[in-house]
$ cat target.tsv   # TSV, C-alpha atoms
chain	number	residue	atom	x	y	z
A	298	MET	CA	31.71	-9.14	-18.82
A	299	HIS	CA	32.25	-12.48	-17.12
A	300	THR	CA	29.65	-15.14	-18.05
A	301	LYS	CA	30.50	-17.81	-15.47
A	302	SER	CA	28.28	-16.46	-12.73
A	303	HIS	CA	27.93	-19.87	-11.07
A	304	ARG	CA	31.38	-19.39	-9.55
A	305	TYR	CA	30.32	-16.30	-7.68
A	306	PHE	CA	28.33	-16.19	-4.47
A	307	ARG	CA	24.66	-15.71	-5.22
A	308	PRO	CA	22.84	-14.06	-2.29
A	309	TYR	CA	19.45	-15.47	-3.29
A	310	ALA	CA	20.85	-19.03	-3.09
A	311	ALA	CA	22.05	-18.39	0.46
A	312	LYS	CA	18.58	-17.19	1.46
A	313	GLY	CA	17.07	-20.46	0.23
A	314	PHE	CA	19.65	-22.44	2.16
A	315	LEU	CA	19.02	-20.46	5.33
A	316	THR	CA	15.29	-20.94	4.97
A	317	LEU	CA	15.77	-24.70	4.59
A	318	ALA	CA	18.15	-24.83	7.56
A	319	ALA	CA	15.70	-22.86	9.73
A	320	ALA	CA	12.86	-25.22	8.77
A	321	LEU	CA	14.96	-28.24	9.72
A	322	VAL	CA	15.90	-26.73	13.07
A	323	ILE	CA	12.29	-25.87	13.85
A	324	SER	CA	11.06	-29.34	12.91
A	325	GLY	CA	13.76	-30.81	15.13
A	326	LEU	CA	12.64	-28.69	18.05
A	327	THR	CA	9.03	-29.75	17.64
A	328	GLY	CA	9.91	-33.43	17.86
A	329	CYS	CA	9.52	-34.40	14.22
A	330	GLY	CA	11.89	-37.20	13.42
A	331	THR	CA	13.37	-37.53	16.89
A	332	ALA	CA	14.64	-40.84	18.16
A	333	GLY	CA	14.63	-42.42	21.59
A	334	THR	CA	17.77	-43.31	23.51
A	335	ASP	CA	17.81	-46.83	22.09
A	336	GLY	CA	17.44	-45.58	18.50
A	337	ALA	CA	13.74	-46.46	18.23
A	338	ALA	CA	11.50	-43.82	16.76
A	339	VAL	CA	9.52	-41.82	19.25
A	340	PRO	CA	5.91	-41.23	18.24
A	341	GLU	CA	5.40	-37.63	17.13
A	342	SER	CA	2.22	-37.52	19.16
A	343	SER	CA	3.93	-38.53	22.41
A	344	ALA	CA	3.18	-35.09	23.76
A	345	ALA	CA	-0.48	-35.98	23.41
A	346	ALA	CA	-0.03	-38.69	26.01
A	347	GLU	CA	1.22	-36.13	28.48
A	348	GLN	CA	-1.67	-33.78	27.65
A	349	GLY	CA	-4.24	-36.52	27.04
A	350	THR	CA	-6.53	-35.73	29.95
A	351	GLU	CA	-8.00	-32.52	31.18
A	352	SER	CA	-6.04	-32.75	34.44
A	353	PRO	CA	-3.21	-35.25	33.95
A	354	ALA	CA	-2.01	-36.96	37.10
A	355	SER	CA	1.56	-36.29	38.03
A	356	ASN	CA	1.96	-40.00	38.78
A	357	PRO	CA	-0.23	-42.34	36.74
A	358	PHE	CA	0.70	-45.19	39.12
A	359	GLU	CA	-0.81	-43.36	42.10
A	360	GLY	CA	-3.28	-45.61	43.90
A	361	VAL	CA	-2.13	-48.74	42.01
A	362	SER	CA	-1.17	-51.71	44.18
A	363	PRO	CA	1.39	-54.28	43.07
A	364	ALA	CA	-0.14	-57.49	41.73
A	365	ASP	CA	0.57	-60.90	43.17
A	366	VAL	CA	2.78	-62.48	40.51
A	367	GLN	CA	4.90	-65.63	40.38
A	368	GLY	CA	8.31	-63.93	40.36
A	369	SER	CA	9.62	-61.48	37.82
A	370	GLN	CA	9.50	-64.07	35.03
A	371	GLY	CA	5.81	-64.63	35.65
A	372	GLY	CA	5.25	-60.87	35.79
A	373	ILE	CA	7.02	-60.30	32.48
A	374	GLU	CA	5.00	-63.09	30.85
A	375	GLN	CA	1.75	-61.60	32.21
A	376	LEU	CA	2.73	-58.14	30.96
A	377	SER	CA	3.59	-59.53	27.52
A	378	ASP	CA	0.20	-61.25	27.30
A	379	ASP	CA	-1.58	-58.07	28.41
A	380	VAL	CA	0.35	-55.97	25.86
A	381	LYS	CA	-0.88	-58.27	23.08
A	382	SER	CA	-4.46	-58.13	24.38
A	383	LEU	CA	-4.31	-54.35	24.73
A	384	LYS	CA	-3.40	-53.95	21.06
A	385	SER	CA	-6.47	-55.99	20.08
A	386	ALA	CA	-8.71	-53.96	22.40
A	387	VAL	CA	-7.42	-50.65	20.99
A	388	GLU	CA	-7.85	-51.83	17.41
A	389	ALA	CA	-11.43	-52.90	18.25
A	390	GLY	CA	-12.13	-49.54	19.94
A	391	ASP	CA	-12.96	-51.30	23.22
A	392	LYS	CA	-12.02	-48.56	25.69
A	393	ASP	CA	-13.31	-50.41	28.78
A	394	THR	CA	-11.18	-53.49	28.08
A	395	ALA	CA	-8.15	-51.38	27.17
A	396	THR	CA	-8.47	-49.39	30.39
A	397	ALA	CA	-8.78	-52.55	32.49
A	398	LEU	CA	-5.76	-54.09	30.76
A	399	ALA	CA	-3.69	-50.92	31.26
A	400	ASP	CA	-4.57	-50.92	34.96
A	401	ARG	CA	-3.61	-54.58	35.28
A	402	MET	CA	-0.35	-53.90	33.43
A	403	ALA	CA	0.46	-51.10	35.89
A	404	SER	CA	-0.22	-53.39	38.83
A	405	THR	CA	1.89	-56.20	37.38
A	406	TRP	CA	4.71	-53.80	36.52
A	407	LEU	CA	4.81	-52.44	40.07
A	408	ALA	CA	5.26	-56.02	41.34
A	409	ILE	CA	8.44	-56.54	39.29
A	410	ALA	CA	9.73	-53.00	38.75
A	411	GLU	CA	12.31	-52.96	41.56
A	412	GLU	CA	13.96	-56.17	40.38
A	413	ALA	CA	13.94	-54.90	36.78
A	414	LYS	CA	15.42	-51.58	37.91
A	415	GLY	CA	18.21	-53.34	39.79
A	416	GLN	CA	19.14	-55.67	36.93
A	417	GLN	CA	18.32	-53.59	33.84
A	418	PRO	CA	18.03	-49.87	34.69
A	419	GLU	CA	17.85	-48.76	31.03
A	420	ARG	CA	15.00	-51.16	30.21
A	421	TYR	CA	13.31	-50.19	33.46
A	422	GLU	CA	13.33	-46.50	32.47
A	423	GLN	CA	11.98	-47.24	28.98
A	424	ILE	CA	9.16	-49.50	30.22
A	425	GLN	CA	8.28	-47.21	33.14
A	426	GLY	CA	8.08	-44.22	30.79
A	427	ASP	CA	6.07	-45.98	28.11
A	428	LEU	CA	3.66	-47.46	30.63
A	429	SER	CA	3.19	-44.05	32.30
A	430	LYS	CA	2.34	-42.49	28.93
A	431	LEU	CA	0.03	-45.39	28.09
A	432	LEU	CA	-1.86	-45.07	31.39
A	433	THR	CA	-2.38	-41.37	30.72
A	434	ALA	CA	-3.35	-41.87	27.07
A	435	VAL	CA	-5.84	-44.66	27.77
A	436	GLN	CA	-7.69	-42.38	30.23
A	437	ALA	CA	-7.86	-39.49	27.75
A	438	LYS	CA	-11.24	-38.21	26.65
A	439	GLU	CA	-10.06	-38.16	23.05
A	440	TRP	CA	-8.49	-41.54	22.36
A	441	ASP	CA	-5.41	-41.52	20.12
A	442	ALA	CA	-5.36	-45.11	18.88
A	443	THR	CA	-2.14	-44.57	16.93
A	444	LEU	CA	-0.34	-43.33	20.03
A	445	LEU	CA	-1.69	-46.22	22.10
A	446	ILE	CA	-0.54	-48.78	19.55
A	447	ASP	CA	2.88	-47.11	19.25
A	448	LEU	CA	3.30	-47.21	23.04
A	449	ASP	CA	2.02	-50.78	23.13
A	450	TYR	CA	4.59	-51.83	20.53
A	451	SER	CA	7.38	-50.07	22.39
A	452	LEU	CA	6.34	-51.86	25.58
A	453	TYR	CA	6.30	-55.18	23.74
A	454	GLN	CA	9.86	-54.60	22.52
A	455	GLY	CA	11.04	-53.42	25.93
A	456	LEU	CA	9.56	-56.42	27.69
A	457	ARG	CA	11.07	-58.77	25.12
A	458	ASP	CA	14.48	-57.18	25.68
A	459	LEU	CA	14.04	-57.24	29.46
A	460	LYS	CA	13.09	-60.90	29.37
A	461	GLN	CA	16.21	-61.76	27.35
A	462	ALA	CA	18.49	-59.61	29.51
A	463	MET	CA	17.19	-61.24	32.69
A	464	GLY	CA	17.75	-64.71	31.21
A	465	TYR	CA	14.13	-65.87	30.94

$ encode --input "target.tsv" --output "structure tokens"
Amino acid sequence: MHTKSHRYFRPYAAKGFLTLAAALVISGLTGCGTAGTDGAAVPESSAAAEQGTESPASNPFEGVSPADVQGSQGGIEQLSDDVKSLKSAVEAGDKDTATALADRMASTWLAIAEEAKGQQPERYEQIQGDLSKLLTAVQAKEWDATLLIDLDYSLYQGLRDLKQAMGY
């Protein structure tokens, strides 16, 4: 009888490996541990933003008019200030202020979006997407403060990058 059984294929070990592999594939499909296109982590609860209201609008910018801003630099500065204020409002649980800030951010973004899209299409897509999710999430009946802060932080980073890329 041969005593070195570790050299032979053990079927029960393969079952454990397959179970682990299946678990990893399933967690990957559900969004756990995914990353955005720029390598930043995507919040696991980002799906909640899309399902945050009872009847989510297909376009959260519908009915929003562009703000009167002093050029794209002024718009980016206004958005950056509003992003900082929004974080404070969310942390304080002030839904009215957060909603007003989100609406103002949408209006300001619409005023500068075309120029941003023309000069920095990748940043435009990231900011447009994050702001859309934020507008939906801030209107949700059940407020997900973690999601809102994650989106707020992503917007802050995107605006910082956009500002640098546009030379402001």

$ atom_distance --input "target.tsv" --atom1 "atom CA of Glu374 of chain A" --atom2 "atom CA of Leu456 of chain A"
8.7 Å

$ closest_residue --input "target.tsv" --among "A:Lys430, A:Asn356, A:Ser369, A:Glu388" --to "Glu411 of chain A" --atoms "all atoms listed in the file"
A:Ser369

$ atom_distance --input "target.tsv" --atom1 "atom CA of Gln370 of chain A" --atom2 "atom CA of Leu459 of chain A"
9.9 Å

$ residues_around --input "target.tsv" --residues "Leu431 of chain A" --least-positions-apart "5" --cutoff "9 Å" --atoms "only C-alpha atoms" --output "number ranges by chain"
A: 346, 399, 426, 436, 444-445, 448-449

$ residues_near_point --input "target.tsv" --point "(-7.2, -47.3, 26.5)" --cutoff "7 Å" --atoms "only C-alpha atoms" --output "PyMOL selection string"
chain A and resi 387+392+395-396+399+434-436

$ atom_distance --input "target.tsv" --atom1 "atom CA of Met463 of chain A" --atom2 "atom CA of Gln423 of chain A"
15.4 Å

$ residues_around --input "target.tsv" --residues "Gly372 of chain A" --least-positions-apart "6" --cutoff "8 Å" --atoms "all atoms listed in the file" --output "PyMOL selection string"
chain A and resi 366+405-406+408-409

$ closest_residue --input "target.tsv" --among "A:Asp400, A:Gly371, A:Tyr421, A:Lys460" --to "Thr433 of chain A" --atoms "only C-alpha atoms"
A:Asp400
